[in-house]
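File shown here: target-v8.cif, holding mmCIF, N, CA, C and O atoms.
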```cif
data_query
#
loop_
_atom_site.group_PDB
_atom_site.id
_atom_site.type_symbol
_atom_site.label_atom_id
_atom_site.label_comp_id
_atom_site.auth_asym_id
_atom_site.auth_seq_id
_atom_site.Cartn_x
_atom_site.Cartn_y
_atom_site.Cartn_z
ATOM 1 N N SER H 18 -57.239 28.684 -63.876
ATOM 2 C CA SER H 18 -56.575 27.404 -63.761
ATOM 3 C C SER H 18 -57.534 26.303 -64.209
ATOM 4 O O SER H 18 -58.754 26.487 -64.212
ATOM 5 N N VAL H 19 -56.974 25.175 -64.588
ATOM 6 C CA VAL H 19 -57.780 24.058 -65.090
ATOM 7 C C VAL H 19 -57.245 22.758 -64.514
ATOM 8 O O VAL H 19 -56.035 22.587 -64.370
ATOM 9 N N GLN H 20 -58.160 21.864 -64.154
ATOM 10 C CA GLN H 20 -57.787 20.530 -63.699
ATOM 11 C C GLN H 20 -58.126 19.542 -64.802
ATOM 12 O O GLN H 20 -59.150 19.669 -65.478
ATOM 13 N N LEU H 21 -57.259 18.552 -64.974
ATOM 14 C CA LEU H 21 -57.463 17.503 -65.963
ATOM 15 C C LEU H 21 -57.469 16.182 -65.206
ATOM 16 O O LEU H 21 -56.507 15.878 -64.501
ATOM 17 N N TYR H 22 -58.546 15.406 -65.335
ATOM 18 C CA TYR H 22 -58.633 14.120 -64.643
ATOM 19 C C TYR H 22 -59.579 13.200 -65.412
ATOM 20 O O TYR H 22 -60.429 13.696 -66.151
ATOM 21 N N PRO H 23 -59.482 11.898 -65.302
ATOM 22 C CA PRO H 23 -58.371 11.188 -64.684
ATOM 23 C C PRO H 23 -57.134 11.262 -65.570
ATOM 24 O O PRO H 23 -57.244 11.431 -66.783
ATOM 25 N N ASN H 24 -56.004 11.134 -64.964
ATOM 26 C CA ASN H 24 -54.741 11.137 -65.698
ATOM 27 C C ASN H 24 -53.814 10.150 -65.008
ATOM 28 O O ASN H 24 -53.383 10.422 -63.902
ATOM 29 N N PRO H 25 -53.550 9.003 -65.616
ATOM 30 C CA PRO H 25 -53.813 8.651 -67.012
ATOM 31 C C PRO H 25 -55.298 8.401 -67.290
ATOM 32 O O PRO H 25 -56.051 8.028 -66.411
ATOM 33 N N ALA H 26 -55.680 8.633 -68.548
ATOM 34 C CA ALA H 26 -57.053 8.463 -69.006
ATOM 35 C C ALA H 26 -57.147 7.212 -69.870
ATOM 36 O O ALA H 26 -56.138 6.719 -70.362
ATOM 37 N N GLN H 27 -58.390 6.737 -70.051
ATOM 38 C CA GLN H 27 -58.595 5.622 -70.974
ATOM 39 C C GLN H 27 -59.427 6.079 -72.164
ATOM 40 O O GLN H 27 -58.882 6.357 -73.212
ATOM 41 N N ASP H 28 -60.737 6.175 -72.011
ATOM 42 C CA ASP H 28 -61.608 6.543 -73.130
ATOM 43 C C ASP H 28 -62.031 8.004 -73.109
ATOM 44 O O ASP H 28 -62.627 8.493 -74.055
ATOM 45 N N TYR H 29 -61.765 8.704 -72.008
ATOM 46 C CA TYR H 29 -62.131 10.112 -71.893
ATOM 47 C C TYR H 29 -61.343 10.732 -70.748
ATOM 48 O O TYR H 29 -60.773 10.035 -69.919
ATOM 49 N N PHE H 30 -61.330 12.061 -70.722
ATOM 50 C CA PHE H 30 -60.864 12.794 -69.550
ATOM 51 C C PHE H 30 -61.725 14.039 -69.406
ATOM 52 O O PHE H 30 -62.458 14.423 -70.314
ATOM 53 N N ASN H 31 -61.670 14.632 -68.239
ATOM 54 C CA ASN H 31 -62.461 15.815 -67.928
ATOM 55 C C ASN H 31 -61.543 17.011 -67.738
ATOM 56 O O ASN H 31 -60.444 16.879 -67.186
ATOM 57 N N LEU H 32 -62.013 18.163 -68.185
ATOM 58 C CA LEU H 32 -61.382 19.436 -67.864
ATOM 59 C C LEU H 32 -62.340 20.178 -66.942
ATOM 60 O O LEU H 32 -63.531 20.265 -67.241
ATOM 61 N N ALA H 33 -61.817 20.688 -65.841
ATOM 62 C CA ALA H 33 -62.635 21.479 -64.915
ATOM 63 C C ALA H 33 -61.961 22.827 -64.724
ATOM 64 O O ALA H 33 -60.797 22.898 -64.317
ATOM 65 N N PHE H 34 -62.680 23.884 -65.047
ATOM 66 C CA PHE H 34 -62.157 25.241 -64.953
ATOM 67 C C PHE H 34 -62.520 25.840 -63.596
ATOM 68 O O PHE H 34 -63.603 25.587 -63.065
ATOM 69 N N GLU H 35 -61.631 26.657 -63.065
ATOM 70 C CA GLU H 35 -61.857 27.283 -61.769
ATOM 71 C C GLU H 35 -63.115 28.151 -61.786
ATOM 72 O O GLU H 35 -63.865 28.197 -60.818
ATOM 73 N N GLN H 36 -63.340 28.833 -62.897
ATOM 74 C CA GLN H 36 -64.521 29.682 -63.072
ATOM 75 C C GLN H 36 -65.102 29.428 -64.462
ATOM 76 O O GLN H 36 -64.377 29.013 -65.366
ATOM 77 N N PRO H 37 -66.393 29.685 -64.650
ATOM 78 C CA PRO H 37 -66.960 29.551 -65.999
ATOM 79 C C PRO H 37 -66.206 30.442 -66.997
ATOM 80 O O PRO H 37 -65.755 31.530 -66.648
ATOM 81 N N LEU H 38 -66.059 29.939 -68.213
ATOM 82 C CA LEU H 38 -65.332 30.685 -69.239
ATOM 83 C C LEU H 38 -66.045 31.982 -69.583
ATOM 84 O O LEU H 38 -67.260 31.986 -69.802
ATOM 85 N N GLU H 39 -65.302 33.066 -69.639
ATOM 86 C CA GLU H 39 -65.876 34.364 -69.989
ATOM 87 C C GLU H 39 -66.077 34.507 -71.492
ATOM 88 O O GLU H 39 -66.888 35.301 -71.938
ATOM 89 N N ASN H 40 -65.309 33.744 -72.284
ATOM 90 C CA ASN H 40 -65.404 33.773 -73.748
ATOM 91 C C ASN H 40 -65.337 32.344 -74.260
ATOM 92 O O ASN H 40 -64.927 31.432 -73.549
ATOM 93 N N ASP H 41 -65.724 32.153 -75.525
ATOM 94 C CA ASP H 41 -65.535 30.854 -76.151
ATOM 95 C C ASP H 41 -64.055 30.505 -76.151
ATOM 96 O O ASP H 41 -63.197 31.387 -76.205
ATOM 97 N N ALA H 42 -63.764 29.206 -76.093
ATOM 98 C CA ALA H 42 -62.382 28.732 -76.126
ATOM 99 C C ALA H 42 -62.264 27.614 -77.145
ATOM 100 O O ALA H 42 -63.266 27.014 -77.554
ATOM 101 N N THR H 43 -61.058 27.342 -77.565
ATOM 102 C CA THR H 43 -60.769 26.206 -78.429
ATOM 103 C C THR H 43 -59.745 25.327 -77.728
ATOM 104 O O THR H 43 -58.963 25.802 -76.912
ATOM 105 N N PHE H 44 -59.780 24.042 -78.058
ATOM 106 C CA PHE H 44 -58.728 23.164 -77.545
ATOM 107 C C PHE H 44 -58.103 22.402 -78.697
ATOM 108 O O PHE H 44 -58.747 22.125 -79.715
ATOM 109 N N HIS H 45 -56.835 22.109 -78.522
ATOM 110 C CA HIS H 45 -56.070 21.305 -79.477
ATOM 111 C C HIS H 45 -55.310 20.261 -78.684
ATOM 112 O O HIS H 45 -54.670 20.596 -77.686
ATOM 113 N N ILE H 46 -55.383 19.011 -79.127
ATOM 114 C CA ILE H 46 -54.605 17.939 -78.518
ATOM 115 C C ILE H 46 -53.473 17.609 -79.479
ATOM 116 O O ILE H 46 -53.713 17.375 -80.665
ATOM 117 N N PHE H 47 -52.261 17.610 -78.944
ATOM 118 C CA PHE H 47 -51.049 17.350 -79.725
ATOM 119 C C PHE H 47 -50.425 16.037 -79.271
ATOM 120 O O PHE H 47 -50.400 15.746 -78.070
ATOM 121 N N ASP H 48 -49.874 15.278 -80.228
ATOM 122 C CA ASP H 48 -49.047 14.138 -79.839
ATOM 123 C C ASP H 48 -47.651 14.663 -79.503
ATOM 124 O O ASP H 48 -47.389 15.867 -79.579
ATOM 125 N N MET H 49 -46.748 13.787 -79.118
ATOM 126 C CA MET H 49 -45.416 14.225 -78.690
ATOM 127 C C MET H 49 -44.539 14.703 -79.841
ATOM 128 O O MET H 49 -43.475 15.267 -79.620
ATOM 129 N N ASN H 50 -45.007 14.530 -81.090
ATOM 130 C CA ASN H 50 -44.302 15.078 -82.249
ATOM 131 C C ASN H 50 -44.822 16.467 -82.619
ATOM 132 O O ASN H 50 -44.395 17.048 -83.607
ATOM 133 N N GLY H 51 -45.801 16.976 -81.854
ATOM 134 C CA GLY H 51 -46.358 18.295 -82.126
ATOM 135 C C GLY H 51 -47.460 18.303 -83.164
ATOM 136 O O GLY H 51 -47.895 19.370 -83.602
ATOM 137 N N VAL H 52 -47.944 17.125 -83.551
ATOM 138 C CA VAL H 52 -49.009 17.020 -84.548
ATOM 139 C C VAL H 52 -50.361 17.136 -83.841
ATOM 140 O O VAL H 52 -50.608 16.455 -82.839
ATOM 141 N N VAL H 53 -51.247 17.991 -84.361
ATOM 142 C CA VAL H 53 -52.593 18.126 -83.803
ATOM 143 C C VAL H 53 -53.395 16.878 -84.161
ATOM 144 O O VAL H 53 -53.538 16.541 -85.335
ATOM 145 N N VAL H 54 -53.917 16.186 -83.143
ATOM 146 C CA VAL H 54 -54.668 14.954 -83.378
ATOM 147 C C VAL H 54 -56.155 15.110 -83.075
ATOM 148 O O VAL H 54 -56.957 14.256 -83.458
ATOM 149 N N GLN H 55 -56.535 16.196 -82.388
ATOM 150 C CA GLN H 55 -57.950 16.436 -82.102
ATOM 151 C C GLN H 55 -58.126 17.911 -81.745
ATOM 152 O O GLN H 55 -57.260 18.507 -81.113
ATOM 153 N N THR H 56 -59.252 18.493 -82.166
ATOM 154 C CA THR H 56 -59.567 19.881 -81.827
ATOM 155 C C THR H 56 -61.037 19.973 -81.446
ATOM 156 O O THR H 56 -61.827 19.074 -81.749
ATOM 157 N N GLY H 57 -61.395 21.060 -80.806
ATOM 158 C CA GLY H 57 -62.787 21.259 -80.455
ATOM 159 C C GLY H 57 -63.027 22.639 -79.879
ATOM 160 O O GLY H 57 -62.094 23.420 -79.678
ATOM 161 N N GLN H 58 -64.295 22.930 -79.633
ATOM 162 C CA GLN H 58 -64.726 24.212 -79.088
ATOM 163 C C GLN H 58 -65.274 24.018 -77.684
ATOM 164 O O GLN H 58 -65.867 22.984 -77.382
ATOM 165 N N ILE H 59 -65.093 25.041 -76.860
ATOM 166 C CA ILE H 59 -65.680 25.065 -75.520
ATOM 167 C C ILE H 59 -66.479 26.362 -75.428
ATOM 168 O O ILE H 59 -65.909 27.443 -75.511
ATOM 169 N N PRO H 60 -67.802 26.275 -75.277
ATOM 170 C CA PRO H 60 -68.624 27.476 -75.287
ATOM 171 C C PRO H 60 -68.448 28.339 -74.032
ATOM 172 O O PRO H 60 -68.155 27.834 -72.952
ATOM 173 N N GLN H 61 -68.651 29.604 -74.212
ATOM 174 C CA GLN H 61 -68.648 30.570 -73.111
ATOM 175 C C GLN H 61 -69.596 30.082 -72.015
ATOM 176 O O GLN H 61 -70.651 29.530 -72.287
ATOM 177 N N GLY H 62 -69.202 30.275 -70.754
ATOM 178 C CA GLY H 62 -70.043 29.902 -69.622
ATOM 179 C C GLY H 62 -69.802 28.506 -69.094
ATOM 180 O O GLY H 62 -70.243 28.179 -67.999
ATOM 181 N N GLN H 63 -69.106 27.661 -69.860
ATOM 182 C CA GLN H 63 -68.818 26.303 -69.404
ATOM 183 C C GLN H 63 -67.787 26.345 -68.279
ATOM 184 O O GLN H 63 -66.864 27.151 -68.304
ATOM 185 N N ASN H 64 -67.937 25.439 -67.311
ATOM 186 C CA ASN H 64 -66.889 25.308 -66.301
ATOM 187 C C ASN H 64 -66.319 23.899 -66.261
ATOM 188 O O ASN H 64 -65.442 23.601 -65.462
ATOM 189 N N SER H 65 -66.817 23.029 -67.160
ATOM 190 C CA SER H 65 -66.246 21.688 -67.282
ATOM 191 C C SER H 65 -66.545 21.141 -68.675
ATOM 192 O O SER H 65 -67.442 21.616 -69.370
ATOM 193 N N LEU H 66 -65.763 20.142 -69.051
ATOM 194 C CA LEU H 66 -65.916 19.525 -70.367
ATOM 195 C C LEU H 66 -65.350 18.125 -70.306
ATOM 196 O O LEU H 66 -64.294 17.907 -69.712
ATOM 197 N N GLN H 67 -66.061 17.160 -70.915
ATOM 198 C CA GLN H 67 -65.544 15.804 -71.037
ATOM 199 C C GLN H 67 -65.116 15.592 -72.485
ATOM 200 O O GLN H 67 -65.875 15.872 -73.414
ATOM 201 N N ILE H 68 -63.894 15.114 -72.677
ATOM 202 C CA ILE H 68 -63.337 14.915 -74.018
ATOM 203 C C ILE H 68 -63.097 13.428 -74.245
ATOM 204 O O ILE H 68 -62.410 12.777 -73.454
ATOM 205 N N ASN H 69 -63.699 12.895 -75.312
ATOM 206 C CA ASN H 69 -63.511 11.488 -75.663
ATOM 207 C C ASN H 69 -62.152 11.288 -76.309
ATOM 208 O O ASN H 69 -61.736 12.083 -77.154
ATOM 209 N N THR H 70 -61.481 10.207 -75.917
ATOM 210 C CA THR H 70 -60.157 9.894 -76.467
ATOM 211 C C THR H 70 -60.121 8.485 -77.057
ATOM 212 O O THR H 70 -59.047 7.954 -77.302
ATOM 213 N N TYR H 71 -61.292 7.893 -77.287
ATOM 214 C CA TYR H 71 -61.354 6.516 -77.765
ATOM 215 C C TYR H 71 -60.653 6.327 -79.110
ATOM 216 O O TYR H 71 -60.234 5.229 -79.447
ATOM 217 N N ASN H 72 -60.512 7.407 -79.888
ATOM 218 C CA ASN H 72 -59.890 7.289 -81.211
ATOM 219 C C ASN H 72 -58.386 7.548 -81.188
ATOM 220 O O ASN H 72 -57.742 7.512 -82.228
ATOM 221 N N LEU H 73 -57.822 7.807 -80.001
ATOM 222 C CA LEU H 73 -56.389 8.077 -79.902
ATOM 223 C C LEU H 73 -55.660 6.858 -79.345
ATOM 224 O O LEU H 73 -56.135 6.225 -78.408
ATOM 225 N N PRO H 74 -54.490 6.543 -79.891
ATOM 226 C CA PRO H 74 -53.735 5.404 -79.365
ATOM 227 C C PRO H 74 -53.117 5.713 -78.001
ATOM 228 O O PRO H 74 -52.972 6.871 -77.611
ATOM 229 N N GLN H 75 -52.762 4.659 -77.309
ATOM 230 C CA GLN H 75 -52.092 4.780 -76.022
ATOM 231 C C GLN H 75 -50.774 5.524 -76.219
ATOM 232 O O GLN H 75 -49.924 5.100 -77.006
ATOM 233 N N ALA H 76 -50.636 6.664 -75.521
ATOM 234 C CA ALA H 76 -49.434 7.493 -75.670
ATOM 235 C C ALA H 76 -49.582 8.725 -74.779
ATOM 236 O O ALA H 76 -50.669 9.024 -74.296
ATOM 237 N N PRO H 77 -48.504 9.477 -74.617
ATOM 238 C CA PRO H 77 -48.614 10.777 -73.943
ATOM 239 C C PRO H 77 -49.048 11.855 -74.937
ATOM 240 O O PRO H 77 -48.739 11.787 -76.125
ATOM 241 N N TYR H 78 -49.773 12.867 -74.430
ATOM 242 C CA TYR H 78 -50.286 13.962 -75.245
ATOM 243 C C TYR H 78 -50.207 15.264 -74.463
ATOM 244 O O TYR H 78 -50.033 15.267 -73.247
ATOM 245 N N VAL H 79 -50.414 16.372 -75.174
ATOM 246 C CA VAL H 79 -50.539 17.690 -74.561
ATOM 247 C C VAL H 79 -51.828 18.306 -75.069
ATOM 248 O O VAL H 79 -52.108 18.258 -76.272
ATOM 249 N N ILE H 80 -52.623 18.871 -74.150
ATOM 250 C CA ILE H 80 -53.804 19.624 -74.556
ATOM 251 C C ILE H 80 -53.533 21.097 -74.305
ATOM 252 O O ILE H 80 -52.965 21.468 -73.275
ATOM 253 N N SER H 81 -53.910 21.916 -75.271
ATOM 254 C CA SER H 81 -53.790 23.363 -75.166
ATOM 255 C C SER H 81 -55.194 23.951 -75.266
ATOM 256 O O SER H 81 -55.915 23.675 -76.222
ATOM 257 N N VAL H 82 -55.587 24.724 -74.249
ATOM 258 C CA VAL H 82 -56.882 25.397 -74.236
ATOM 259 C C VAL H 82 -56.610 26.885 -74.373
ATOM 260 O O VAL H 82 -55.827 27.448 -73.607
ATOM 261 N N GLN H 83 -57.248 27.508 -75.373
ATOM 262 C CA GLN H 83 -56.971 28.910 -75.642
ATOM 263 C C GLN H 83 -58.250 29.731 -75.694
ATOM 264 O O GLN H 83 -59.212 29.369 -76.366
ATOM 265 N N THR H 84 -58.235 30.857 -74.943
ATOM 266 C CA THR H 84 -59.295 31.853 -75.026
ATOM 267 C C THR H 84 -58.679 33.097 -75.656
ATOM 268 O O THR H 84 -57.518 33.076 -76.073
ATOM 269 N N GLN H 85 -59.444 34.181 -75.701
ATOM 270 C CA GLN H 85 -58.915 35.420 -76.274
ATOM 271 C C GLN H 85 -57.698 35.916 -75.501
ATOM 272 O O GLN H 85 -56.809 36.533 -76.067
ATOM 273 N N SER H 86 -57.656 35.656 -74.199
ATOM 274 C CA SER H 86 -56.596 36.245 -73.374
ATOM 275 C C SER H 86 -55.681 35.241 -72.689
ATOM 276 O O SER H 86 -54.688 35.642 -72.094
ATOM 277 N N HIS H 87 -55.995 33.948 -72.728
ATOM 278 C CA HIS H 87 -55.196 32.963 -72.004
ATOM 279 C C HIS H 87 -54.954 31.712 -72.844
ATOM 280 O O HIS H 87 -55.761 31.380 -73.710
ATOM 281 N N ARG H 88 -53.849 31.045 -72.520
ATOM 282 C CA ARG H 88 -53.598 29.714 -73.077
ATOM 283 C C ARG H 88 -53.035 28.857 -71.960
ATOM 284 O O ARG H 88 -52.095 29.263 -71.273
ATOM 285 N N ILE H 89 -53.639 27.693 -71.772
ATOM 286 C CA ILE H 89 -53.211 26.764 -70.736
ATOM 287 C C ILE H 89 -52.864 25.448 -71.417
ATOM 288 O O ILE H 89 -53.602 24.983 -72.294
ATOM 289 N N GLN H 90 -51.748 24.837 -71.002
ATOM 290 C CA GLN H 90 -51.363 23.543 -71.543
ATOM 291 C C GLN H 90 -51.211 22.545 -70.403
ATOM 292 O O GLN H 90 -50.714 22.896 -69.333
ATOM 293 N N ARG H 91 -51.653 21.314 -70.655
ATOM 294 C CA ARG H 91 -51.507 20.237 -69.687
ATOM 295 C C ARG H 91 -51.076 18.978 -70.427
ATOM 296 O O ARG H 91 -51.558 18.695 -71.525
ATOM 297 N N LYS H 92 -50.210 18.216 -69.797
ATOM 298 C CA LYS H 92 -49.781 16.938 -70.352
ATOM 299 C C LYS H 92 -50.651 15.848 -69.747
ATOM 300 O O LYS H 92 -51.006 15.917 -68.565
ATOM 301 N N PHE H 93 -51.030 14.862 -70.564
ATOM 302 C CA PHE H 93 -51.777 13.718 -70.053
ATOM 303 C C PHE H 93 -51.375 12.475 -70.830
ATOM 304 O O PHE H 93 -50.717 12.549 -71.866
ATOM 305 N N VAL H 94 -51.749 11.323 -70.294
ATOM 306 C CA VAL H 94 -51.382 10.037 -70.880
ATOM 307 C C VAL H 94 -52.656 9.223 -71.092
ATOM 308 O O VAL H 94 -53.541 9.227 -70.242
ATOM 309 N N ILE H 95 -52.717 8.548 -72.234
ATOM 310 C CA ILE H 95 -53.807 7.623 -72.506
ATOM 311 C C ILE H 95 -53.265 6.213 -72.351
ATOM 312 O O ILE H 95 -52.225 5.885 -72.927
ATOM 313 N N THR H 96 -53.955 5.417 -71.545
ATOM 314 C CA THR H 96 -53.604 4.009 -71.375
ATOM 315 C C THR H 96 -54.796 3.176 -71.810
ATOM 316 O O THR H 96 -55.933 3.631 -71.785
ATOM 317 N N ARG H 97 -54.532 1.972 -72.216
ATOM 318 C CA ARG H 97 -55.591 1.050 -72.614
ATOM 319 C C ARG H 97 -55.480 -0.203 -71.744
ATOM 320 O O ARG H 97 -54.382 -0.649 -71.449
ATOM 321 N N PRO H 98 -56.639 -0.774 -71.358
ATOM 322 C CA PRO H 98 -56.595 -1.996 -70.517
ATOM 323 C C PRO H 98 -56.015 -3.182 -71.253
ATOM 324 O O PRO H 98 -55.959 -3.238 -72.444
#
```

As structure tokens:
Amino acid sequence: SVQLYPNPAQDYFNLAFEQPLENDATFHIFDMNGVVVQTGQIPQGQNSLQINTYNLPQAPYVISVQTQSHRIQRKFVITRP
């Protein structure tokens, strides 16, 4: 399982995994039209990650985290002051 906070986010959000990753993972952030707007890698052994969102406009998004055996998706919102 994975926690995503803060949500709504402004310039970044954190992913916290229940256990350290057993394998490398990738993440993809999608806008509500299904377009990939950001991607990245999460190395094996990590149990948390901070993702910068300063380059994304205020809107709702979905992040998908995929390992060899699992895929987790979470919805989040970016707000600007």

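As for atom O of Ile59 (chain H) and CA of Gln75 (chain H), they are spaced 26.5 Å apart.
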
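Evaluated against the shown file, the PyMOL selection byres ((chain H and resi 83-93) around 6) gives Asn24, Pro25, Asn40, Asp41, Ala42, Thr43, Phe44, Ala76, Pro77, Tyr78, Val79, Ile80, Ser81, Val82, Val94 and Ile95 of chain H.
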
#### Entry: Nearby residues (all atoms listed in the file) at most 6 Å from Tyr22 (chain H), same-chain spacing under 2 positions excluded, as a ChimeraX atom specification
/H:20,24,29-32

### Task
Would you write out, as a PyMOL selection string, every residue that the PyMOL selection byres ((chain H and resi 33) around 6) captures in this file?
chain H and resi 18-21+31-32+34-35+64-66

### Hits from the PyMOL selection byres ((chain H and resi 71) around 8), listed as a PyMOL selection string
chain H and resi 27-30+68-70+72-75

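The gap separating CA of Pro37 (chain H) from CA of Pro60 (chain H) is 9.7 Å, in Å to one decimal.
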
### Message
If DSSP is run on the backbone, what residues of chain H are strand (DSSP E or B)? A reply as a PyMOL selection string would be ideal.
### Response
chain H and resi 19-22+26+29-34+42-48+53-59+65-69+76-83+88-95

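Using all atoms listed in the file for every distance, the candidate list H:Gly62, H:Gly57, H:Pro23, H:Val52 yields H:Gly62 as the residue closest to Glu39 (chain H).
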
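If you look at CA of Thr96 (chain H) and CA of Asp48 (chain H), they are 14.0 Å away from each other.
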
Return as JSON the centre and edge lengths, in Å with one decimal, of the box along x, y and z that encloses every atom of region 81-90 of chain H in the file, padded by 4 Å per side.
```
{"center_x": -55.1, "center_y": 29.2, "center_z": -72.8, "size_x": 16.7, "size_y": 22.6, "size_z": 15.0}
```
